[in-house]
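What follows is the content of coords.cif (mmCIF, C-alpha atoms).
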data_target
loop_
_atom_site.group_PDB
_atom_site.id
_atom_site.type_symbol
_atom_site.label_atom_id
_atom_site.label_comp_id
_atom_site.auth_asym_id
_atom_site.auth_seq_id
_atom_site.Cartn_x
_atom_site.Cartn_y
_atom_site.Cartn_z
ATOM 1 C CA MET A 1 0.000 0.000 0.000
ATOM 2 C CA SER A 2 1.091 3.535 -0.688
ATOM 3 C CA ALA A 3 2.806 5.251 2.241
ATOM 4 C CA ARG A 4 0.361 8.109 1.797
ATOM 5 C CA TYR A 5 -2.468 5.905 3.069
ATOM 6 C CA ASP A 6 -0.591 3.351 5.186
ATOM 7 C CA LEU A 7 0.713 4.716 8.484
ATOM 8 C CA TYR A 8 2.587 1.531 9.337
ATOM 9 C CA GLN A 9 6.376 1.746 9.328
ATOM 10 C CA PRO A 10 8.043 -1.688 9.171
ATOM 11 C CA GLY A 11 10.490 -2.538 11.904
ATOM 12 C CA VAL A 12 11.625 -5.148 14.429
ATOM 13 C CA SER A 13 11.526 -3.060 17.591
ATOM 14 C CA TRP A 14 9.986 -4.033 20.919
ATOM 15 C CA LEU A 15 6.858 -2.061 20.026
ATOM 16 C CA HIS A 16 6.498 -3.783 16.658
ATOM 17 C CA ARG A 17 6.732 -7.190 18.303
ATOM 18 C CA LEU A 18 3.963 -6.535 20.822
ATOM 19 C CA ASP A 19 0.548 -8.062 20.177
ATOM 20 C CA PRO A 20 -1.756 -5.560 18.393
ATOM 21 C CA ARG A 21 -4.380 -6.023 21.115
ATOM 22 C CA CYS A 22 -1.826 -5.056 23.753
ATOM 23 C CA LYS A 23 -0.874 -1.927 21.820
ATOM 24 C CA LEU A 24 -4.530 -0.995 21.386
ATOM 25 C CA LEU A 25 -5.023 -1.343 25.140
ATOM 26 C CA MET A 26 -2.000 0.874 25.779
ATOM 27 C CA ALA A 27 -3.377 3.538 23.418
ATOM 28 C CA LEU A 28 -6.823 3.452 25.020
ATOM 29 C CA CYS A 29 -5.476 3.579 28.583
ATOM 30 C CA LEU A 30 -3.152 6.468 27.790
ATOM 31 C CA SER A 31 -6.026 8.325 26.116
ATOM 32 C CA LEU A 32 -8.206 7.734 29.168
ATOM 33 C CA VAL A 33 -5.556 9.141 31.507
ATOM 34 C CA VAL A 34 -5.059 12.212 29.301
ATOM 35 C CA LEU A 35 -8.817 12.831 29.142
ATOM 36 C CA VAL A 36 -9.329 12.435 32.881
ATOM 37 C CA TRP A 37 -6.335 14.532 33.912
ATOM 38 C CA GLY A 38 -6.485 18.133 32.740
ATOM 39 C CA ASN A 39 -3.135 19.032 34.280
ATOM 40 C CA LEU A 40 -0.553 20.521 31.913
ATOM 41 C CA TRP A 41 2.299 18.493 33.400
ATOM 42 C CA VAL A 42 0.409 15.214 32.994
ATOM 43 C CA VAL A 43 -0.328 16.023 29.354
ATOM 44 C CA LEU A 44 3.324 16.967 28.762
ATOM 45 C CA GLY A 45 4.403 13.732 30.433
ATOM 46 C CA ALA A 46 2.112 11.723 28.144
ATOM 47 C CA LEU A 47 3.523 13.515 25.112
ATOM 48 C CA VAL A 48 7.109 12.859 26.174
ATOM 49 C CA LEU A 49 6.251 9.208 26.829
ATOM 50 C CA THR A 50 4.673 8.694 23.397
ATOM 51 C CA GLN A 51 7.497 10.498 21.582
ATOM 52 C CA ALA A 52 10.120 8.445 23.408
ATOM 53 C CA ALA A 53 8.278 5.183 22.693
ATOM 54 C CA LEU A 54 7.906 5.947 18.982
ATOM 55 C CA LEU A 55 11.507 7.058 18.618
ATOM 56 C CA SER A 56 12.713 3.954 20.470
ATOM 57 C CA ALA A 57 10.670 1.910 17.965
ATOM 58 C CA ARG A 58 12.685 3.665 15.226
ATOM 59 C CA VAL A 59 9.705 5.451 13.746
ATOM 60 C CA ALA A 60 11.089 8.086 11.382
ATOM 61 C CA PRO A 61 11.279 11.532 13.005
ATOM 62 C CA ALA A 62 9.932 12.932 9.728
ATOM 63 C CA ARG A 63 6.644 11.116 10.376
ATOM 64 C CA LEU A 64 6.377 12.565 13.853
ATOM 65 C CA ALA A 65 7.157 16.021 12.462
ATOM 66 C CA ALA A 66 4.429 15.568 9.835
ATOM 67 C CA VAL A 67 1.884 14.780 12.559
ATOM 68 C CA TRP A 68 2.904 17.859 14.533
ATOM 69 C CA LYS A 69 2.720 19.999 11.396
ATOM 70 C CA ALA A 70 -0.770 18.726 10.582
ATOM 71 C CA MET A 71 -2.091 19.332 14.106
ATOM 72 C CA LEU A 72 -0.386 22.659 14.801
ATOM 73 C CA PRO A 73 -3.072 24.904 13.192
ATOM 74 C CA THR A 74 -5.889 23.178 15.091
ATOM 75 C CA MET A 75 -3.964 23.247 18.364
ATOM 76 C CA THR A 76 -3.199 26.953 17.934
ATOM 77 C CA LEU A 77 -6.851 27.733 17.189
ATOM 78 C CA ILE A 78 -8.016 25.768 20.244
ATOM 79 C CA ALA A 79 -5.561 27.589 22.528
ATOM 80 C CA LEU A 80 -6.537 31.024 21.186
ATOM 81 C CA LEU A 81 -10.263 30.328 21.481
ATOM 82 C CA TRP A 82 -9.788 29.100 25.046
ATOM 83 C CA LEU A 83 -7.966 32.306 25.995
ATOM 84 C CA VAL A 84 -10.696 34.451 24.426
ATOM 85 C CA LEU A 85 -13.744 32.557 25.691
ATOM 86 C CA TYR A 86 -12.427 31.790 29.184
ATOM 87 C CA PRO A 87 -10.788 34.961 30.540
ATOM 88 C CA GLY A 88 -8.394 34.513 33.410
ATOM 89 C CA ARG A 89 -8.716 35.844 36.918
ATOM 90 C CA PRO A 90 -6.285 38.228 38.641
ATOM 91 C CA PRO A 91 -3.354 38.400 38.808
ATOM 92 C CA LEU A 92 -3.324 38.916 35.029
ATOM 93 C CA LEU A 93 -0.346 38.602 32.718
ATOM 94 C CA LEU A 94 -1.930 40.447 29.783
ATOM 95 C CA THR A 95 -5.104 42.429 29.164
ATOM 96 C CA PHE A 96 -6.299 43.379 25.695
ATOM 97 C CA TRP A 97 -9.929 44.334 24.908
ATOM 98 C CA ILE A 98 -11.962 41.314 26.122
ATOM 99 C CA VAL A 99 -8.885 39.108 26.378
ATOM 100 C CA ARG A 100 -7.596 38.634 29.903
ATOM 101 C CA ILE A 101 -4.755 36.181 30.252
ATOM 102 C CA SER A 102 -3.539 34.845 33.558
ATOM 103 C CA ALA A 103 -0.977 32.174 34.313
ATOM 104 C CA HIS A 104 -3.752 29.707 35.124
ATOM 105 C CA SER A 105 -5.751 30.373 31.933
ATOM 106 C CA LEU A 106 -2.596 30.146 29.835
ATOM 107 C CA ALA A 107 -1.724 26.784 31.395
ATOM 108 C CA GLN A 108 -5.272 25.537 30.766
ATOM 109 C CA ALA A 109 -5.170 26.670 27.129
ATOM 110 C CA LEU A 110 -1.850 24.890 26.582
ATOM 111 C CA ALA A 111 -3.138 21.749 28.316
ATOM 112 C CA ILE A 112 -6.278 21.641 26.158
ATOM 113 C CA ALA A 113 -4.286 22.176 22.948
ATOM 114 C CA LEU A 114 -1.572 19.665 23.829
ATOM 115 C CA ARG A 115 -4.173 17.135 24.913
ATOM 116 C CA LEU A 116 -5.170 16.822 21.251
ATOM 117 C CA ALA A 117 -1.584 15.943 20.327
ATOM 118 C CA ALA A 118 -1.309 13.470 23.214
ATOM 119 C CA LEU A 119 -4.490 11.683 22.107
ATOM 120 C CA ALA A 120 -3.267 11.540 18.507
ATOM 121 C CA PHE A 121 0.153 10.143 19.396
ATOM 122 C CA ALA A 122 -1.410 7.618 21.763
ATOM 123 C CA LEU A 123 -3.308 6.264 18.756
ATOM 124 C CA PHE A 124 -0.222 6.442 16.549
ATOM 125 C CA LEU A 125 1.572 4.148 19.002
ATOM 126 C CA TRP A 126 -0.778 1.513 17.615
ATOM 127 C CA LEU A 127 -0.999 2.614 13.969
ATOM 128 C CA PHE A 128 2.678 3.350 13.289
ATOM 129 C CA THR A 129 3.838 -0.048 14.551
ATOM 130 C CA THR A 130 1.027 -2.395 13.465
ATOM 131 C CA ASP A 131 0.625 -3.574 9.892
ATOM 132 C CA GLN A 132 -2.874 -3.635 8.469
ATOM 133 C CA THR A 133 -3.201 -7.427 8.507
ATOM 134 C CA ALA A 134 -2.311 -7.644 12.210
ATOM 135 C CA LEU A 135 -4.513 -4.638 12.949
ATOM 136 C CA VAL A 136 -7.604 -6.275 11.441
ATOM 137 C CA ARG A 137 -6.789 -9.650 12.991
ATOM 138 C CA GLY A 138 -6.442 -8.009 16.384
ATOM 139 C CA LEU A 139 -9.863 -6.373 16.056
ATOM 140 C CA THR A 140 -11.510 -9.631 14.983
ATOM 141 C CA ALA A 141 -9.821 -11.425 17.886
ATOM 142 C CA LEU A 142 -11.426 -8.859 20.214
ATOM 143 C CA GLY A 143 -14.892 -9.691 18.893
ATOM 144 C CA LEU A 144 -15.281 -7.683 15.699
ATOM 145 C CA PRO A 145 -17.417 -9.775 13.297
ATOM 146 C CA TYR A 146 -15.421 -11.382 10.511
ATOM 147 C CA SER A 147 -17.540 -9.713 7.834
ATOM 148 C CA ALA A 148 -16.808 -6.291 9.357
ATOM 149 C CA GLY A 149 -13.094 -7.139 9.553
ATOM 150 C CA LEU A 150 -13.093 -8.209 5.911
ATOM 151 C CA THR A 151 -14.842 -4.968 4.949
ATOM 152 C CA LEU A 152 -12.246 -2.942 6.859
ATOM 153 C CA ALA A 153 -9.374 -4.860 5.260
ATOM 154 C CA MET A 154 -10.754 -4.343 1.765
ATOM 155 C CA ALA A 155 -11.383 -0.652 2.445
ATOM 156 C CA LEU A 156 -7.761 -0.205 3.540
ATOM 157 C CA ARG A 157 -6.604 -2.209 0.547
ATOM 158 C CA TYR A 158 -8.479 -0.115 -2.021
ATOM 159 C CA LEU A 159 -7.667 3.321 -0.616
ATOM 160 C CA PRO A 160 -4.535 3.645 -2.802
ATOM 161 C CA SER A 161 -6.472 2.423 -5.844
ATOM 162 C CA MET A 162 -9.193 5.003 -5.340
ATOM 163 C CA GLY A 163 -6.593 7.685 -4.697
ATOM 164 C CA SER A 164 -4.761 6.914 -7.920
ATOM 165 C CA ALA A 165 -8.080 6.828 -9.790
ATOM 166 C CA LEU A 166 -8.954 10.257 -8.375
ATOM 167 C CA ARG A 167 -5.646 11.702 -9.540
ATOM 168 C CA MET A 168 -6.044 10.100 -12.957
ATOM 169 C CA VAL A 169 -9.561 11.491 -13.456
ATOM 170 C CA SER A 170 -8.468 14.941 -12.239
ATOM 171 C CA ASP A 171 -5.505 14.978 -14.640
ATOM 172 C CA ALA A 172 -7.728 13.824 -17.510
ATOM 173 C CA GLN A 173 -10.291 16.558 -16.834
ATOM 174 C CA GLN A 174 -7.604 19.240 -16.553
ATOM 175 C CA ALA A 175 -6.051 18.018 -19.816
ATOM 176 C CA ARG A 176 -9.433 18.751 -21.409
ATOM 177 C CA GLY A 177 -9.292 22.343 -20.169
ATOM 178 C CA LEU A 178 -11.083 22.084 -16.815
ATOM 179 C CA ASP A 179 -9.743 24.643 -14.320
ATOM 180 C CA LEU A 180 -9.936 23.152 -10.805
ATOM 181 C CA HIS A 181 -8.367 26.113 -9.011
ATOM 182 C CA PRO A 182 -10.652 29.136 -9.387
ATOM 183 C CA ARG A 183 -10.702 31.668 -6.576
ATOM 184 C CA ASN A 184 -14.431 31.337 -5.950
ATOM 185 C CA PRO A 185 -14.955 28.281 -3.687
ATOM 186 C CA LEU A 186 -18.498 27.710 -5.020
ATOM 187 C CA VAL A 187 -17.248 27.620 -8.594
ATOM 188 C CA ARG A 188 -14.463 25.256 -7.540
ATOM 189 C CA ALA A 189 -16.981 22.925 -5.876
ATOM 190 C CA ARG A 190 -19.183 22.865 -9.012
ATOM 191 C CA ARG A 191 -16.202 22.012 -11.212
ATOM 192 C CA TYR A 192 -15.467 18.956 -9.085
ATOM 193 C CA VAL A 193 -18.892 17.491 -9.929
ATOM 194 C CA PRO A 194 -17.735 15.536 -13.034
ATOM 195 C CA ILE A 195 -14.812 14.133 -11.044
ATOM 196 C CA ILE A 196 -17.117 13.033 -8.215
ATOM 197 C CA VAL A 197 -19.490 11.385 -10.700
ATOM 198 C CA ALA A 198 -16.630 9.476 -12.313
ATOM 199 C CA MET A 199 -15.363 8.358 -8.898
ATOM 200 C CA LEU A 200 -18.836 7.146 -7.880
ATOM 201 C CA ILE A 201 -19.112 5.098 -11.066
ATOM 202 C CA SER A 202 -15.647 3.631 -10.453
ATOM 203 C CA ALA A 203 -16.532 2.792 -6.831
ATOM 204 C CA VAL A 204 -19.766 1.047 -7.884
ATOM 205 C CA ARG A 205 -17.921 -1.004 -10.500
ATOM 206 C CA THR A 206 -15.230 -1.975 -7.975
ATOM 207 C CA ALA A 207 -17.848 -3.011 -5.418
ATOM 208 C CA GLU A 208 -19.658 -5.102 -8.032
ATOM 209 C CA ASN A 209 -16.449 -6.856 -9.076
ATOM 210 C CA LEU A 210 -15.591 -7.574 -5.423
ATOM 211 C CA ALA A 211 -19.055 -8.997 -4.792
ATOM 212 C CA ARG A 212 -18.734 -11.312 -7.778
ATOM 213 C CA ALA A 213 -15.252 -12.393 -6.674
ATOM 214 C CA LEU A 214 -16.522 -13.247 -3.181
ATOM 215 C CA GLU A 215 -19.499 -15.151 -4.586
ATOM 216 C CA SER A 216 -17.265 -17.138 -6.934
ATOM 217 C CA ARG A 217 -15.191 -18.176 -3.912
ATOM 218 C CA ALA A 218 -18.311 -19.278 -1.991
ATOM 219 C CA TYR A 219 -17.796 -16.656 0.710
ATOM 220 C CA ASP A 220 -19.701 -17.499 3.892
ATOM 221 C CA PRO A 221 -19.245 -15.088 6.835
ATOM 222 C CA THR A 222 -20.600 -17.675 9.285
ATOM 223 C CA ALA A 223 -18.034 -20.357 8.423
ATOM 224 C CA PRO A 224 -15.256 -21.000 10.972
ATOM 225 C CA ARG A 225 -12.018 -19.221 10.128
ATOM 226 C CA THR A 226 -8.359 -20.047 10.583
ATOM 227 C CA ALA A 227 -5.217 -17.950 10.207
ATOM 228 C CA LEU A 228 -1.780 -18.749 8.846
ATOM 229 C CA ARG A 229 -0.167 -16.904 11.778
ATOM 230 C CA PRO A 230 -2.654 -16.843 14.652
ATOM 231 C CA LEU A 231 -2.262 -14.185 17.318
ATOM 232 C CA ARG A 232 -0.974 -15.452 20.652
ATOM 233 C CA PHE A 233 -0.257 -13.513 23.816
ATOM 234 C CA ARG A 234 3.349 -14.042 24.851
ATOM 235 C CA PRO A 235 4.589 -13.517 28.413
ATOM 236 C CA VAL A 236 5.927 -10.082 27.458
ATOM 237 C CA ASP A 237 2.469 -9.143 26.117
ATOM 238 C CA TRP A 238 0.849 -10.213 29.382
ATOM 239 C CA ALA A 239 3.448 -8.222 31.333
ATOM 240 C CA TRP A 240 2.760 -5.052 29.331
ATOM 241 C CA THR A 241 -0.995 -5.572 29.603
ATOM 242 C CA VAL A 242 -0.960 -6.035 33.357
ATOM 243 C CA GLY A 243 1.468 -3.147 33.828
ATOM 244 C CA THR A 244 -0.659 -0.844 31.656
ATOM 245 C CA VAL A 245 -3.848 -1.692 33.542
ATOM 246 C CA LEU A 246 -2.188 -1.200 36.943
ATOM 247 C CA MET A 247 -0.627 2.126 35.981
ATOM 248 C CA THR A 248 -3.923 3.356 34.528
ATOM 249 C CA ALA A 249 -5.801 2.327 37.666
ATOM 250 C CA ALA A 250 -3.214 4.131 39.812
ATOM 251 C CA ALA A 251 -3.513 7.288 37.726
ATOM 252 C CA LEU A 252 -7.320 7.246 37.949
ATOM 253 C CA TRP A 253 -7.193 6.598 41.677
ATOM 254 C CA ALA A 254 -4.777 9.503 42.129
ATOM 255 C CA ARG A 255 -7.134 11.725 40.150
#
Can the structure from this file be put into structure tokens for me?
Amino acid sequence: MSARYDLYQPGVSWLHRLDPRCKLLMALCLSLVVLVWGNLWVVLGALVLTQAALLSARVAPARLAAVWKAMLPTMTLIALLWLVLYPGRPPLLLTFWIVRISAHSLAQALAIALRLAALAFALFLWLFTTDQTALVRGLTALGLPYSAGLTLAMALRYLPSMGSALRMVSDAQQARGLDLHPRNPLVRARRYVPIIVAMLISAVRTAENLARALESRAYDPTAPRTALRPLRFRPVDWAWTVGTVLMTAAALWAR
């Protein structure tokens, strides 16, 4: 799959070798702690922990920088809106029109903005180090119906195909003189109509071909399934699972 749509980075680190269900539990527990604790230092600690874990798993720093770059505008907007909508109480650091900034309100704004990054990187602990096959198998092992897992796997598989088809249709339309970059956003939206129609037709044809392929293979979602490499919890997976649950319980109790 194209790297544009697949977040997984191959590797042989300790994080890559963990069971996908264990990594999902770690991501969920870390997210729960970040949501329950609104303290700036706790959020910063969670961010440092996730960055250290991903770097120790040899995830490319460029990928981490890309995530920060994508989230920075939203985080900045959240912090600014918090400072405007929730004025601080004396002693104030800065006063401008209706904006009143205190040390406490500034810390809260930073905590709310950085919480978004902490939640994202908690999820990326799972996505950056789990290939799509293991990801879907982990979800089905947790109780996701096989038909839903197959649908998810096929959707992930055909994302690059649909992306390349979108680029191909866009290039073909622009070669015929269609301008897709007018200044007026309404005009731009109307000019994307033929591209959307072509993509819908392509998606319907792909779905029909997939349905015929599954029928020709006598697909039965109720039949028992086996796997070439079944998932098994190793002692190290149990150790991480128990440690994660205990640390999460301690953090919630402390809260």
Handout entry: Resolved residues for the PyMOL selection byres ((chain A and resi 14-31) around 6) as a list of chain:residue names
Key =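 With the PyMOL selection byres ((chain A and resi 14-31) around 6) on this model, the match is A:Val12, A:Ser13, A:Leu32, A:Val33, A:Val34, A:Ala57, A:Leu119, A:Ala122, A:Leu123, A:Trp126, A:Thr129, A:Gly138, A:Thr241.
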Pull out every residue that the PyMOL selection byres ((chain A and resi 202) around 12) matches in the shown coordinates and put them as a PDB file with C-alpha atoms, keeping the file's coordinate frame.
ATOM      1  CA  TYR A 158      -8.479  -0.115  -2.021  1.00  0.00           C
ATOM      2  CA  SER A 161      -6.472   2.423  -5.844  1.00  0.00           C
ATOM      3  CA  MET A 162      -9.193   5.003  -5.340  1.00  0.00           C
ATOM      4  CA  GLY A 163      -6.593   7.685  -4.697  1.00  0.00           C
ATOM      5  CA  SER A 164      -4.761   6.914  -7.920  1.00  0.00           C
ATOM      6  CA  ALA A 165      -8.080   6.828  -9.790  1.00  0.00           C
ATOM      7  CA  LEU A 166      -8.954  10.257  -8.375  1.00  0.00           C
ATOM      8  CA  MET A 168      -6.044  10.100 -12.957  1.00  0.00           C
ATOM      9  CA  VAL A 169      -9.561  11.491 -13.456  1.00  0.00           C
ATOM     10  CA  ILE A 195     -14.812  14.133 -11.044  1.00  0.00           C
ATOM     11  CA  ILE A 196     -17.117  13.033  -8.215  1.00  0.00           C
ATOM     12  CA  VAL A 197     -19.490  11.385 -10.700  1.00  0.00           C
ATOM     13  CA  ALA A 198     -16.630   9.476 -12.313  1.00  0.00           C
ATOM     14  CA  MET A 199     -15.363   8.358  -8.898  1.00  0.00           C
ATOM     15  CA  LEU A 200     -18.836   7.146  -7.880  1.00  0.00           C
ATOM     16  CA  ILE A 201     -19.112   5.098 -11.066  1.00  0.00           C
ATOM     17  CA  ALA A 203     -16.532   2.792  -6.831  1.00  0.00           C
ATOM     18  CA  VAL A 204     -19.766   1.047  -7.884  1.00  0.00           C
ATOM     19  CA  ARG A 205     -17.921  -1.004 -10.500  1.00  0.00           C
ATOM     20  CA  THR A 206     -15.230  -1.975  -7.975  1.00  0.00           C
ATOM     21  CA  ALA A 207     -17.848  -3.011  -5.418  1.00  0.00           C
ATOM     22  CA  GLU A 208     -19.658  -5.102  -8.032  1.00  0.00           C
ATOM     23  CA  ASN A 209     -16.449  -6.856  -9.076  1.00  0.00           C
TER      24      ASN A 209
END
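The space between CA of Ala120 (chain A) and CA of Ala239 (chain A) spans 24.5 Å.
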Handout entry: Separation of CA of Ala113 (chain A) from CA of Ala62 (chain A) in Å
Key =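 These atoms are spaced 21.5 Å apart.
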Practice task
On this file, the PyMOL selection byres ((chain A and resi 40) around 12) gives some set of residues; write that set as a VMD selection string.
Solution key: chain A and resid 34 to 39 41 to 47 103 to 115 118
Handout entry: Residue with smallest distance to Pro230 (chain A) - pool A:Leu246, A:Leu49, A:Val84, A:Arg137, counting all atoms listed in the file
Key =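 Looking at the shortest contact to Pro230 (chain A), the residue is A:Arg137.
Between CA of Ala155 (chain A) and CA of Asp171 (chain A) the separation is 23.9 Å.
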Filled-in N, CA and C atoms of region 139-150 of chain A, supplied as an mmCIF file, in the frame of the given file:
data_model
loop_
_atom_site.group_PDB
_atom_site.id
_atom_site.type_symbol
_atom_site.label_atom_id
_atom_site.label_comp_id
_atom_site.auth_asym_id
_atom_site.auth_seq_id
_atom_site.Cartn_x
_atom_site.Cartn_y
_atom_site.Cartn_z
ATOM 1 N N LEU A 139 -8.481 -6.806 15.824
ATOM 2 C CA LEU A 139 -9.863 -6.373 16.056
ATOM 3 C C LEU A 139 -10.829 -7.546 15.998
ATOM 4 N N THR A 140 -10.630 -8.464 15.054
ATOM 5 C CA THR A 140 -11.510 -9.631 14.983
ATOM 6 C C THR A 140 -11.310 -10.540 16.190
ATOM 7 N N ALA A 141 -10.060 -10.612 16.690
ATOM 8 C CA ALA A 141 -9.821 -11.425 17.886
ATOM 9 C C ALA A 141 -10.501 -10.828 19.111
ATOM 10 N N LEU A 142 -10.742 -9.522 19.100
ATOM 11 C CA LEU A 142 -11.426 -8.859 20.214
ATOM 12 C C LEU A 142 -12.941 -8.924 20.097
ATOM 13 N N GLY A 143 -13.453 -9.525 19.020
ATOM 14 C CA GLY A 143 -14.892 -9.691 18.893
ATOM 15 C C GLY A 143 -15.520 -9.015 17.697
ATOM 16 N N LEU A 144 -14.728 -8.296 16.896
ATOM 17 C CA LEU A 144 -15.281 -7.683 15.699
ATOM 18 C C LEU A 144 -15.733 -8.783 14.738
ATOM 19 N N PRO A 145 -16.962 -8.733 14.223
ATOM 20 C CA PRO A 145 -17.417 -9.775 13.297
ATOM 21 C C PRO A 145 -16.478 -9.909 12.094
ATOM 22 N N TYR A 146 -16.350 -11.143 11.615
ATOM 23 C CA TYR A 146 -15.421 -11.382 10.511
ATOM 24 C C TYR A 146 -15.810 -10.591 9.274
ATOM 25 N N SER A 147 -17.105 -10.470 9.013
ATOM 26 C CA SER A 147 -17.540 -9.713 7.834
ATOM 27 C C SER A 147 -17.129 -8.248 7.947
ATOM 28 N N ALA A 148 -17.229 -7.679 9.164
ATOM 29 C CA ALA A 148 -16.808 -6.291 9.357
ATOM 30 C C ALA A 148 -15.287 -6.167 9.209
ATOM 31 N N GLY A 149 -14.543 -7.155 9.714
ATOM 32 C CA GLY A 149 -13.094 -7.139 9.553
ATOM 33 C C GLY A 149 -12.680 -7.241 8.095
ATOM 34 N N LEU A 150 -13.389 -8.087 7.332
ATOM 35 C CA LEU A 150 -13.093 -8.209 5.911
ATOM 36 C C LEU A 150 -13.396 -6.901 5.184
#
